Amino acid sequence: MSWLSRARNAFRAGRVESELDEEMRFHLEARAEELMREGREANDAEREARRRMGNLLALREESRDVKLAPWMESLWRDARFGVRMLWKDRVVSLAALVSLALAIGACTAAFLLIDALILRPLPVRQPERLIYLTYEEGGPGPATGFSYPMLQRLQAASREQVELFAASVQGRDSAVFDHGAAEDVHGQFVSGNFFETLGVDAALGRVLSPSDDRAQDAGPVAVLAYSFWMRRFGGSPSVLGRWFQYEGKAFQIAGVARQGFTGVETGTRTDFWVPLTMGRAEAMADWKWQWFRILGRLRPGVPAQQAQQVLQAAFRNARREWAPAAFGANDAPEALRDFLDASLQAQPAAGGPSFLRQAFARPLWILAVVAGLVLLIACSNLANLFTARALARQREMALRISIGAGRGRLVQQLLVEGGLLAAAACALGLAFAGAVAPAIVGMLRSPRDPAYLDLHLGLRTMAFAALAGFAATLLFALLPAVRASAADPHEALKSGGFRSSASHGPLRAMLAAQIGLSFMVLFAGGMFVLSFARLVSRDLGFSRDGVALVKVRVTDRNAQDTRLTMTELLDRVRAIPGVQSAGVSEWGLFSGVGWRDNVLIPGRAPDALESIVLPVSPGFFRTMGMRLLEGRDIARRDLEARSEAVVVNQAFARHFFPGEDPIGKQFFRPESRLPNRDYATSDRTGYPQRIVGLVRDAQYASVRGPVDPTYYIPLNDLAEGSLAVRTAGNPLQVVPQVAASVRAFGHGLEVTEVTLQSRLVGLALLRERLLAVLSGFFGLVAIVLAAVGFYGVLSYSVARRTRELGIRLALGARRRSVVRLVMSEIALVTAAGLAAGFGGGEVLSRFVGKLLYEVKPADVASVGLPLACFLAAAAVAAIRPALRAARVDPAIALREE
Amino acid sequence: MKRQDALQGSLPLLVLKVLNRRGPLHGYGIAGHIESMSDEVLRVEEGSLYPALHRMEEERWIKAKWVTTENKRRARVYEITASGRKQLQAEEGRWRSVTAAVHQVLEQA
């Protein structure tokens with residue numbers, strides 16, 4: 001039928017319908033009359049006539065109803081029909097539903113996380129006018145820590161352009177409420193104008209005001225976060241006026257902030273806020289205490305660029321003033337230059353500044369892209385399914401077209417069927433995302449200090465899922481629907497089904513696309529898994545397994561010679577059965593604490609390189625499995641006499657004494673750069689040190705990268721130390737005995753924390769683990785989906801060519817060559833898909849390069865692994881269709897048509 | 001959407017032939033004529049007949065009109081057109097040459 005005449009029919013639809021109707025009725029009656037003339041009973045004759053009319057009449061009725069009924073009703077009919085069609089093929093439909101739900105769920109989970117961490121603005125007044133300050137100081141990333149003197153300088157210079165405020169960067173901390181036990185909390189020191197500037201008011205009592213932080217220790221008040229108030233105090237109004245202990249000071253609860261406000265540091269849930277001036281007194285006067293972020297709200301009409309220029313000038317002026325006192329002859333000129341040249345930036349802070357975002361924005365975007373690819377793969381699978389179904393129904397379609405059903409009507413029917421599937425998948429996907437997203441957030445930080453993101457399934461997320469479902473429906477249902485409805489009625493009615501070879505082309509293109517996409521996902525997943533595997537198995541220079549780390553704190557602030565107390569404790573711990581060795585360091589490797597300092601070598605110019613410094617007890621190297629290459633370990637007598645002895649690592653020896661024997665060499669360690677102890681202003685060169693031992697290079701805080709020069713000094717008197725215990729079996733088993741012996745030992749020591757060295761190393765690889773686990777999972781899903789698609793197309797191809805294969809076999813072709821014939825066609829498609837997928841993978845890998853470790857896209861392993869996986873899956877998927885092709889019986893195949 | 005080869009099936013040919021020889025007929029009559037003229041060997045399914053009739057009407061090979069039959073019922077009657085006759089000629093020629101060829105093969109093989 002031509003488009004023109006169909007359009008004409010549409011205008012006179014009613015007449016066409018009733019005419020068709022009448023014509024059919026005439027036929028029916030004429031047939032019945034004839035049958036009666038032949039001697040049949042009237043009822044019998046009519047029944048027989050109807051029987052011969054059969055299906056056609058039913059279809060006629062259906063298409064008439066559709067045309068006459070309003071559109072909504074036709075949708076409803078289509079939905080019911082769609083459910084019937086889906087139900088008829090329920091195993092296939094269920095598989096389709098699960099794969100689509102998984103893909104939509106993965107995309108939605110990615111969106112949920114990205115929205116919470118990156119996109120969603122802070123729930124404050126005009127978040128787009130907020131900025132936060134960073135500066136480049138020669139380090140790997142921008143620095144964000146500022147001092148109180150700097151805050152005052154910047155505020156004074158920029159009052160016209162921006163209202164600045166401060167928010168400290170706090171980790172997990174402890175507070176004591178109502179004389180109870182210490183509780184884990186997230187407190188934050190903020191300037192008095194924090195709430196006012198953000199536009200956050202109180203749900204109960206009052207928020208902090210500028211008068212609270214006018215002077216040191218002037219405002220011992222705290223404002224609780226709404227969620228903390230609910231969680232800890234059950235929302236009781238009687239919390240107002242109560243006191244609690246935090247950071248060695250007492251605070252009175254003055255109010256509760258408005259619901260929904262969890263602080264400005266996205267990724268961390270703040271439990272309460274206290275005034276900045278309640279911080280330590282020394283932290284207020286000294287510019288070297290850089291302990292908070294500076295944020296600001298731009299004044300109306302002031303562009304961020306203008307504010308930045310003013311702030312930049314003030315920042316540099318302050319640094320120029322401070323430099324002479326901070327840098328002396330013992331400092332490398334590069335260090336001074338970096339200090340003076342540091343440039344200040346005003347970054348947009350609509351979403352709140354976030355360390356978590358800095359670390360995880362890229363991995364999350366990568367995972368979102370991978371999830372999107374998985375959705376595309378699932379869609380192409382479904383498109384295959386729908387195409388096959390549509391082909392099977394071509395006869396039905398053609399008949400409906402020939403008796404007047406519009407093509408749009410048929411497209412609608414198939415789209416509704418797809419839409420039903422997608423809607424169900426969306427609902428399941430949302431549930432999946434809601435369950436999975438919190439688990440992923442749990443992987444972002446250590447379980448002791450979990451990240452917090454607001455993950456409620458809001459309108460934004462639902463809208464996203466609906467959009468994904470809609471787009472998916474268009475992708476997998478529209479094309480097959482349009483193609484099927486374009487069936488030429490005459491042709492289709494005559495031949496009935498699998499005929500036109502033209503319909504095979506798009507199937508093949510789809511398969512190639514699907515193979516390409518799955519290969520991309522596999523490729524990316526393979527690289528992350530490989531990278532993670534290499535990192536995990538990397539030789540760190542020490543042995544991470546079998547070591548428990550027990551944090552021991554000296555409760556008595558006036559205790560003397562605590563370094564010696566620790567060595568006595570060590571003797572007791574070593575006596576515990578099962579303990580192979582034990583040692584103390586001031587903090588553990590990979591514990592997140594670090595101390596770097598430069599060294600001075602007599603007769604040489606100052607070196608800008610800062611070495612890692614770690615105070616350790618005798619036995620530390622043995623316990624950590626760090627091999628002593630030369631010289632001796634730190635000994636007890638070094639601790640007792642506070643001797644000059646120091647052990648250095650190979651990197652230190654290589655850098656400072658290349659080609660020389662480091663043992664016996666001398667250098668000076670500057671007095672540590674603690675505030676108020678400015679070594680450069682004194683004429684001292686620092687502590688003299690003499691190298692007594694050389695130890696193997698060991699990683700200190702990061703699994704990646706080269707080992708930095710490190711020197712280990714004898715343990716100093718300390719307030720808290722990390723007791724490392726090595727055992728033959730599971731080190732956690734001896735921990736109760738270690739804790740008991742610490743208690744029995746007395747001297748005011750207590751155990752505050754227990755962990756495993758291997759766990760700490762694991763925490764340094766959270767990002768890599770997240771990427772490996774999730775992209776590996778996606779790779780698995782992709783390969784299963786690809787195998788299913790592969791199987792489907794191959795089966796279809798064999799079914800379609802059964803007759804041809806039968807002829808070939810009948811003419812004497814060998815079975816093996818027949819199988820090869822079928823396979824070679826698919827192999828070509830596969831090769832094309834793989835080539836495209838490899839190209840796509842290359843592009844993707846350029847984006848992920850920085851996150852990889854010793855894995856390059858062009859590596860044999862990173863190409864070979866996904867390729868091998870893929871070929872294995874393809875081979876498994878091809879077994880059945882290949883057997884079917886080989887078992888074609890020429891006699892049966894030829895008789896079939 | 002005019003396709004020359006779309007009408008290679010024999011049903012339109014038979015319909016045209018019947019209409020050409022017998023004059024205007026309704027669908028039921030066409031089916032009956034084909035069946036009786038072929039000694040009931042060719043059986044015309046309604047599912048094929050009416051779509052074919054409507055198609056041929058679209059192609060303007062036949063035209064239809066409503067008439068009232070002797071027992072006062074309205075029937076839709078089809079009539080061959082000039083272009084239908086031309087089509088019939090062409091189709092018939094092609095059909096004969098094909099069957100002749102098949103016949104020749106059958107005889108000589």
# chains A, B, ... in the order shown; residues from 1 in each chain; ligands from 1
>>> interface_residues(of="chain B", to="chain A", cutoff="7 Å", atoms="only C-alpha atoms", output="PyMOL selection string")
chain B and resi 1+6+28+46-47+51+55+58+75-76
>>> write_last_selection(atoms="N, CA and C atoms", output="mmCIF file, in the first residue's frame")
data_model
loop_
_atom_site.group_PDB
_atom_site.id
_atom_site.type_symbol
_atom_site.label_atom_id
_atom_site.label_comp_id
_atom_site.auth_asym_id
_atom_site.auth_seq_id
_atom_site.Cartn_x
_atom_site.Cartn_y
_atom_site.Cartn_z
ATOM 1 N N MET B 1 5.621 2.566 -3.871
ATOM 2 C CA MET B 1 5.806 1.166 -3.497
ATOM 3 C C MET B 1 5.377 0.213 -4.600
ATOM 4 N N ALA B 6 6.337 -7.961 -7.243
ATOM 5 C CA ALA B 6 5.556 -8.269 -6.062
ATOM 6 C C ALA B 6 4.340 -9.109 -6.416
ATOM 7 N N TYR B 28 -16.855 -13.572 -2.974
ATOM 8 C CA TYR B 28 -17.260 -14.949 -2.797
ATOM 9 C C TYR B 28 -17.374 -15.652 -4.141
ATOM 10 N N GLU B 46 -9.778 -17.167 2.247
ATOM 11 C CA GLU B 46 -10.241 -15.793 2.428
ATOM 12 C C GLU B 46 -9.096 -14.903 2.886
ATOM 13 N N GLY B 47 -8.206 -15.507 3.729
ATOM 14 C CA GLY B 47 -7.081 -14.740 4.278
ATOM 15 C C GLY B 47 -6.158 -14.214 3.192
ATOM 16 N N PRO B 51 -7.075 -9.560 1.084
ATOM 17 C CA PRO B 51 -5.893 -8.673 0.970
ATOM 18 C C PRO B 51 -5.468 -8.493 -0.483
ATOM 19 N N ARG B 55 -5.377 -5.021 -2.579
ATOM 20 C CA ARG B 55 -4.117 -4.595 -3.170
ATOM 21 C C ARG B 55 -4.304 -4.270 -4.645
ATOM 22 N N GLU B 58 -5.863 -1.089 -5.080
ATOM 23 C CA GLU B 58 -4.908 0.007 -4.907
ATOM 24 C C GLU B 58 -4.091 0.230 -6.174
ATOM 25 N N ALA B 75 -23.756 -6.101 -1.923
ATOM 26 C CA ALA B 75 -22.524 -6.869 -2.138
ATOM 27 C C ALA B 75 -21.513 -5.975 -2.836
ATOM 28 N N ARG B 76 -20.257 -6.200 -2.501
ATOM 29 C CA ARG B 76 -19.197 -5.412 -3.132
ATOM 30 C C ARG B 76 -18.717 -6.205 -4.350
#
>>> residues_around(residues="range 266-276 of chain A", least_positions_apart="3", cutoff="7 Å", atoms="only C-alpha atoms", output="list of chain:residue names")
A:Leu117, A:Val185, A:His186, A:Gly187, A:Gln188, A:Phe189, A:Val190, A:Ser191, A:Gly192, A:Asp212, A:Asp213, A:Gly219, A:Val221, A:Ala222, A:Val223, A:Leu224, A:Ala225, A:Phe228, A:Thr262, A:Gly263, A:Gly279, A:Gly352, A:Pro353, A:Ser354, A:Leu356, A:Ala451, A:Tyr452, A:Leu453
>>> atom_distance(atom1="CA of Ser591 in chain A", atom2="CA of Leu760 in chain A")
6.3 Å
>>> atom_distance(atom1="CA of Asp607 in chain A", atom2="CA of Met150 in chain A")
27.7 Å
>>> residues_around(residues="Tyr712 in chain A", least_positions_apart="3", cutoff="6 Å", atoms="only C-alpha atoms", output="list in words")
Val613, Leu614, Pro615, Val646 and Val647 of chain A
>>> write_last_selection(atoms="N, CA and C atoms", output="mmCIF file, in the first residue's frame")
data_model
loop_
_atom_site.group_PDB
_atom_site.id
_atom_site.type_symbol
_atom_site.label_atom_id
_atom_site.label_comp_id
_atom_site.auth_asym_id
_atom_site.auth_seq_id
_atom_site.Cartn_x
_atom_site.Cartn_y
_atom_site.Cartn_z
ATOM 1 N N VAL A 613 60.803 10.622 58.013
ATOM 2 C CA VAL A 613 61.419 10.342 59.302
ATOM 3 C C VAL A 613 60.466 9.469 60.106
ATOM 4 N N LEU A 614 60.988 8.398 60.687
ATOM 5 C CA LEU A 614 60.135 7.563 61.538
ATOM 6 C C LEU A 614 60.922 7.111 62.770
ATOM 7 N N PRO A 615 60.484 7.489 63.982
ATOM 8 C CA PRO A 615 61.134 7.027 65.205
ATOM 9 C C PRO A 615 60.713 5.591 65.509
ATOM 10 N N VAL A 646 71.390 6.303 63.645
ATOM 11 C CA VAL A 646 70.243 6.390 62.760
ATOM 12 C C VAL A 646 70.399 5.313 61.674
ATOM 13 N N VAL A 647 69.273 4.733 61.267
ATOM 14 C CA VAL A 647 69.297 3.739 60.195
ATOM 15 C C VAL A 647 68.640 4.378 58.971
#
>>> residues_around(residues="Arg726 in chain A", least_positions_apart="4", cutoff="12 Å", atoms="only C-alpha atoms", output="number ranges by chain")
A: 543-550, 573-574, 576-584, 619-625, 730-735, 738, 756-758
>>> select_by_dssp(residues="range 714-821 of chain A", states="strand (DSSP E or B)", output="ChimeraX atom specification")
/A:714,720-727,749-756
>>> write_last_selection(atoms="C-alpha atoms", output="mmCIF file, in the first residue's frame")
data_model
loop_
_atom_site.group_PDB
_atom_site.id
_atom_site.type_symbol
_atom_site.label_atom_id
_atom_site.label_comp_id
_atom_site.auth_asym_id
_atom_site.auth_seq_id
_atom_site.Cartn_x
_atom_site.Cartn_y
_atom_site.Cartn_z
ATOM 1 C CA PRO A 714 65.635 5.978 67.808
ATOM 2 C CA GLU A 720 51.129 7.363 71.673
ATOM 3 C CA GLY A 721 52.904 4.587 69.844
ATOM 4 C CA SER A 722 52.103 1.821 67.411
ATOM 5 C CA LEU A 723 53.041 -1.591 68.763
ATOM 6 C CA ALA A 724 53.663 -4.040 65.916
ATOM 7 C CA VAL A 725 53.358 -7.739 66.786
ATOM 8 C CA ARG A 726 54.351 -10.513 64.383
ATOM 9 C CA THR A 727 52.981 -14.016 64.888
ATOM 10 C CA LEU A 749 49.315 2.700 79.271
ATOM 11 C CA GLU A 750 46.110 1.776 77.478
ATOM 12 C CA VAL A 751 45.194 0.146 74.174
ATOM 13 C CA THR A 752 43.164 2.484 71.954
ATOM 14 C CA GLU A 753 42.985 0.728 68.630
ATOM 15 C CA VAL A 754 43.816 -2.606 67.034
ATOM 16 C CA THR A 755 44.251 -3.253 63.352
ATOM 17 C CA LEU A 756 46.254 -5.370 60.937
#
>>> atom_distance(atom1="CA of Ala477 in chain A", atom2="CA of Gly408 in chain A")
13.4 Å
>>> residues_around(residues="Phe244 in chain A", least_positions_apart="3", cutoff="12 Å", atoms="only C-alpha atoms", output="ChimeraX atom specification")
/A:174-183,220-224,239-241,247-254,272,274
>>> select_by_dssp(residues="range 290-417 of chain A", states="alpha helix (DSSP H)", output="VMD selection string")
chain A and resid 304 to 326 333 to 341 355 to 392 394 to 402 407 to 417
>>> decode(residues="range 462-476 of chain A", atoms="all heavy atoms", output="mmCIF file, in the first residue's frame")
data_model
loop_
_atom_site.group_PDB
_atom_site.id
_atom_site.type_symbol
_atom_site.label_atom_id
_atom_site.label_comp_id
_atom_site.auth_asym_id
_atom_site.auth_seq_id
_atom_site.Cartn_x
_atom_site.Cartn_y
_atom_site.Cartn_z
ATOM 1 N N MET A 462 14.889 9.258 40.350
ATOM 2 C CA MET A 462 13.800 8.561 39.662
ATOM 3 C C MET A 462 13.662 9.074 38.238
ATOM 4 O O MET A 462 13.446 8.295 37.303
ATOM 5 C CB MET A 462 12.503 8.764 40.429
ATOM 6 C CG MET A 462 12.536 8.034 41.753
ATOM 7 S SD MET A 462 10.923 7.982 42.513
ATOM 8 C CE MET A 462 11.367 7.432 44.138
ATOM 9 N N ALA A 463 13.792 10.389 38.088
ATOM 10 C CA ALA A 463 13.703 10.959 36.743
ATOM 11 C C ALA A 463 14.817 10.385 35.873
ATOM 12 O O ALA A 463 14.607 10.055 34.706
ATOM 13 C CB ALA A 463 13.817 12.478 36.811
ATOM 14 N N PHE A 464 15.993 10.245 36.465
ATOM 15 C CA PHE A 464 17.105 9.686 35.692
ATOM 16 C C PHE A 464 16.803 8.257 35.254
ATOM 17 O O PHE A 464 16.988 7.896 34.089
ATOM 18 C CB PHE A 464 18.390 9.705 36.511
ATOM 19 C CG PHE A 464 19.543 9.058 35.807
ATOM 20 C CD1 PHE A 464 20.305 9.776 34.900
ATOM 21 C CD2 PHE A 464 19.849 7.721 36.017
ATOM 22 C CE1 PHE A 464 21.343 9.176 34.226
ATOM 23 C CE2 PHE A 464 20.890 7.114 35.345
ATOM 24 C CZ PHE A 464 21.635 7.844 34.445
ATOM 25 N N ALA A 465 16.318 7.448 36.204
ATOM 26 C CA ALA A 465 16.026 6.047 35.877
ATOM 27 C C ALA A 465 14.956 5.973 34.788
ATOM 28 O O ALA A 465 15.064 5.178 33.848
ATOM 29 C CB ALA A 465 15.568 5.298 37.125
ATOM 30 N N ALA A 466 13.938 6.838 34.910
ATOM 31 C CA ALA A 466 12.867 6.827 33.915
ATOM 32 C C ALA A 466 13.426 7.206 32.545
ATOM 33 O O ALA A 466 13.091 6.599 31.527
ATOM 34 C CB ALA A 466 11.762 7.788 34.325
ATOM 35 N N LEU A 467 14.298 8.200 32.533
ATOM 36 C CA LEU A 467 14.901 8.651 31.286
ATOM 37 C C LEU A 467 15.737 7.532 30.668
ATOM 38 O O LEU A 467 15.670 7.275 29.463
ATOM 39 C CB LEU A 467 15.784 9.868 31.561
ATOM 40 C CG LEU A 467 16.105 10.732 30.356
ATOM 41 C CD1 LEU A 467 14.864 11.469 29.902
ATOM 42 C CD2 LEU A 467 17.214 11.714 30.703
ATOM 43 N N ALA A 468 16.517 6.861 31.519
ATOM 44 C CA ALA A 468 17.346 5.753 31.037
ATOM 45 C C ALA A 468 16.452 4.676 30.436
ATOM 46 O O ALA A 468 16.740 4.128 29.368
ATOM 47 C CB ALA A 468 18.188 5.186 32.178
ATOM 48 N N GLY A 469 15.340 4.377 31.126
ATOM 49 C CA GLY A 469 14.424 3.349 30.642
ATOM 50 C C GLY A 469 13.801 3.752 29.313
ATOM 51 O O GLY A 469 13.682 2.940 28.391
ATOM 52 N N PHE A 470 13.426 5.037 29.214
ATOM 53 C CA PHE A 470 12.803 5.531 27.985
ATOM 54 C C PHE A 470 13.783 5.443 26.822
ATOM 55 O O PHE A 470 13.463 4.931 25.744
ATOM 56 C CB PHE A 470 12.340 6.966 28.209
ATOM 57 C CG PHE A 470 11.641 7.569 27.033
ATOM 58 C CD1 PHE A 470 10.372 7.133 26.666
ATOM 59 C CD2 PHE A 470 12.256 8.549 26.275
ATOM 60 C CE1 PHE A 470 9.724 7.672 25.585
ATOM 61 C CE2 PHE A 470 11.623 9.093 25.178
ATOM 62 C CZ PHE A 470 10.355 8.658 24.828
ATOM 63 N N ALA A 471 15.005 5.930 27.070
ATOM 64 C CA ALA A 471 16.027 5.896 26.020
ATOM 65 C C ALA A 471 16.299 4.454 25.603
ATOM 66 O O ALA A 471 16.429 4.150 24.413
ATOM 67 C CB ALA A 471 17.313 6.557 26.513
ATOM 68 N N ALA A 472 16.348 3.563 26.604
ATOM 69 C CA ALA A 472 16.608 2.154 26.303
ATOM 70 C C ALA A 472 15.485 1.594 25.423
ATOM 71 O O ALA A 472 15.738 0.874 24.458
ATOM 72 C CB ALA A 472 16.727 1.357 27.597
ATOM 73 N N THR A 473 14.237 1.948 25.765
ATOM 74 C CA THR A 473 13.107 1.443 24.984
ATOM 75 C C THR A 473 13.228 1.871 23.534
ATOM 76 O O THR A 473 13.044 1.073 22.605
ATOM 77 C CB THR A 473 11.786 1.985 25.553
ATOM 78 O OG1 THR A 473 11.773 1.767 26.940
ATOM 79 C CG2 THR A 473 10.612 1.287 24.909
ATOM 80 N N LEU A 474 13.542 3.153 23.340
ATOM 81 C CA LEU A 474 13.687 3.642 21.971
ATOM 82 C C LEU A 474 14.778 2.860 21.258
ATOM 83 O O LEU A 474 14.635 2.489 20.093
ATOM 84 C CB LEU A 474 14.041 5.132 21.985
ATOM 85 C CG LEU A 474 12.905 6.076 22.356
ATOM 86 C CD1 LEU A 474 13.323 7.515 22.148
ATOM 87 C CD2 LEU A 474 11.654 5.775 21.535
ATOM 88 N N LEU A 475 15.877 2.599 21.992
ATOM 89 C CA LEU A 475 17.009 1.919 21.373
ATOM 90 C C LEU A 475 16.660 0.491 20.975
ATOM 91 O O LEU A 475 16.983 0.047 19.886
ATOM 92 C CB LEU A 475 18.199 1.883 22.337
ATOM 93 C CG LEU A 475 19.084 3.113 22.340
ATOM 94 C CD1 LEU A 475 20.166 2.984 23.393
ATOM 95 C CD2 LEU A 475 19.730 3.272 20.965
ATOM 96 N N PHE A 476 16.007 -0.233 21.900
ATOM 97 C CA PHE A 476 15.863 -1.657 21.602
ATOM 98 C C PHE A 476 14.548 -2.013 20.932
ATOM 99 O O PHE A 476 14.430 -3.086 20.359
ATOM 100 C CB PHE A 476 16.112 -2.528 22.842
ATOM 101 C CG PHE A 476 15.039 -2.495 23.894
ATOM 102 C CD1 PHE A 476 13.830 -3.129 23.708
ATOM 103 C CD2 PHE A 476 15.265 -1.848 25.090
ATOM 104 C CE1 PHE A 476 12.856 -3.120 24.688
ATOM 105 C CE2 PHE A 476 14.286 -1.832 26.070
ATOM 106 C CZ PHE A 476 13.086 -2.460 25.864
#
